[in-house]
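Novice: Would you mind keeping the following structure in view while I ask a few things?
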Amino acid sequence: MAPPHPVVRPFAAPEHAWSPGHRGIDIGAAPGTPVTAPDDGVVRFAGTVVDRPVLSITHADGVVSSLEPVTSDLSSGEAVSRGSTVGIVVAGHSSDADAVHLGARIDGEYVSPLLMLGGGRPSVLLPTRPIG
């Protein structure tokens, strides 16, 4: 989407795969806002999941991005280019703010999309006691 990209709800990793969490980021966007592909890829899914329209794109290196609620005229298997319009934001993601949800998975595991957008950095585990 065109800047600015206000993150109105950040990624919150669940403690376990089955635990509650927020598996993506919500970016402030009014209904009718065009949505662009975050990177080159192939449409994995375009349709309705439960009660909202979802678009998923498979990218290189096992990355899958998902966007909701986004309507799209694209079909599974279609190639998309970074920055190309892939859909339109519709109302319904959150009662708190107009937003589009951007999720990212690497090899099936949810990660913060900010890692791929230059807005985050990977976690580094530090020792809890002296080494030696």
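Letters A, B, ... mark the chains of the structure tokens in the order given; residue numbers begin at 1 per chain; ligand numbers begin at 1, in order shown.
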Report as an MDAnalysis selection string all protein, DNA and RNA residues lying within 9 Å of Phe45 of chain A, evaluated on only C-alpha atoms, omitting residues in the same chain fewer than 5 positions from it.

Specialist: chainID A and resid 54:57 66 74:77

Novice: Please report, as a list in words, each residue of chain A to which DSSP assigns alpha helix (DSSP H) when run on this structure's backbone.

Specialist: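 Answer for chain A restricted to alpha helix (DSSP H) is Leu114, Leu115, Met116 and Leu117 of chain A.
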
Novice: Print the selection's residues with N, CA and C atoms to a file, as a CSV table (one decimal), in the first residue's frame.

Specialist:
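Below is the file out28.csv, written as the result:
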chain,number,residue,atom,x,y,z
A,114,LEU,N,7.3,-8.0,9.8
A,114,LEU,CA,8.3,-6.9,9.8
A,114,LEU,C,9.7,-7.3,9.6
A,115,LEU,N,10.0,-8.6,9.8
A,115,LEU,CA,11.4,-9.1,9.5
A,115,LEU,C,11.7,-9.0,8.1
A,116,MET,N,10.6,-9.2,7.2
A,116,MET,CA,10.9,-9.2,5.8
A,116,MET,C,10.7,-7.8,5.2
A,117,LEU,N,10.1,-6.9,6.0
A,117,LEU,CA,9.9,-5.5,5.5
A,117,LEU,C,10.9,-4.5,6.1

Novice: To one decimal place in Å, what is the distance between atom CA of Asp98 of chain A and atom CA of His22 of chain A?

Specialist: 16.4 Å

Novice: For Val80 of chain A, which residue among A:Val43, A:Ala29, A:Ala60, A:Val7 is the nearest when counting only C-alpha atoms?

Specialist: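 Answer, going by the shortest atom-to-atom distance: A:Val43.
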
Novice: So how far away is atom CA of Val63 of chain A from atom CA of Glu78 of chain A, in Å?

Specialist: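 Atom CA of Val63 of chain A lies 16.4 Å from atom CA of Glu78 of chain A.
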
Novice: Nearest residue to Thr33 of chain A out of A:Pro53, A:Gly87, A:Gly62, A:Pro14, using only C-alpha atoms?

Specialist: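 For Thr33 of chain A, the nearest of the candidates is A:Gly87.
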
Novice: In Å, rounded to a single decimal, give me how far atom CA of Gly92 of chain A is from atom CA of Arg44 of chain A.

Specialist: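 Straight-line distance from atom CA of Arg44 of chain A to atom CA of Gly92 of chain A works out to 22.1 Å.
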
Novice: I need the residues of chain A that end up classed as strand (DSSP E) by DSSP on the backbone, written out as a PyMOL selection string.

Specialist: chain A and resi 7-9+25-28+34-36+41-49+52-58+63-68+70-71+79-80+85-89+99-106+109-111

Novice: From the options A:Pro34, A:Gly21, A:Gly108, A:Gly103, which residue's atoms come nearest to Ser72 of chain A, counting only C-alpha atoms?

Specialist: A:Pro34

Novice: Skip Gly28 of chain A itself and residues of its chain fewer than 3 positions away, then list as a PyMOL selection string all residues within 6 Å of it, counting only C-alpha atoms.

Specialist: chain A and resi 6+8+98-99

Novice: So that I can check the surroundings of Val90 of chain A, please list as a list in words every protein, DNA and RNA residue that reaches within 8 Å of it, counting only C-alpha atoms and ignoring chain neighbours fewer than 3 positions away.

Specialist: Ala30, Pro31, Gly32, Pro69, Val70 and Thr71 of chain A
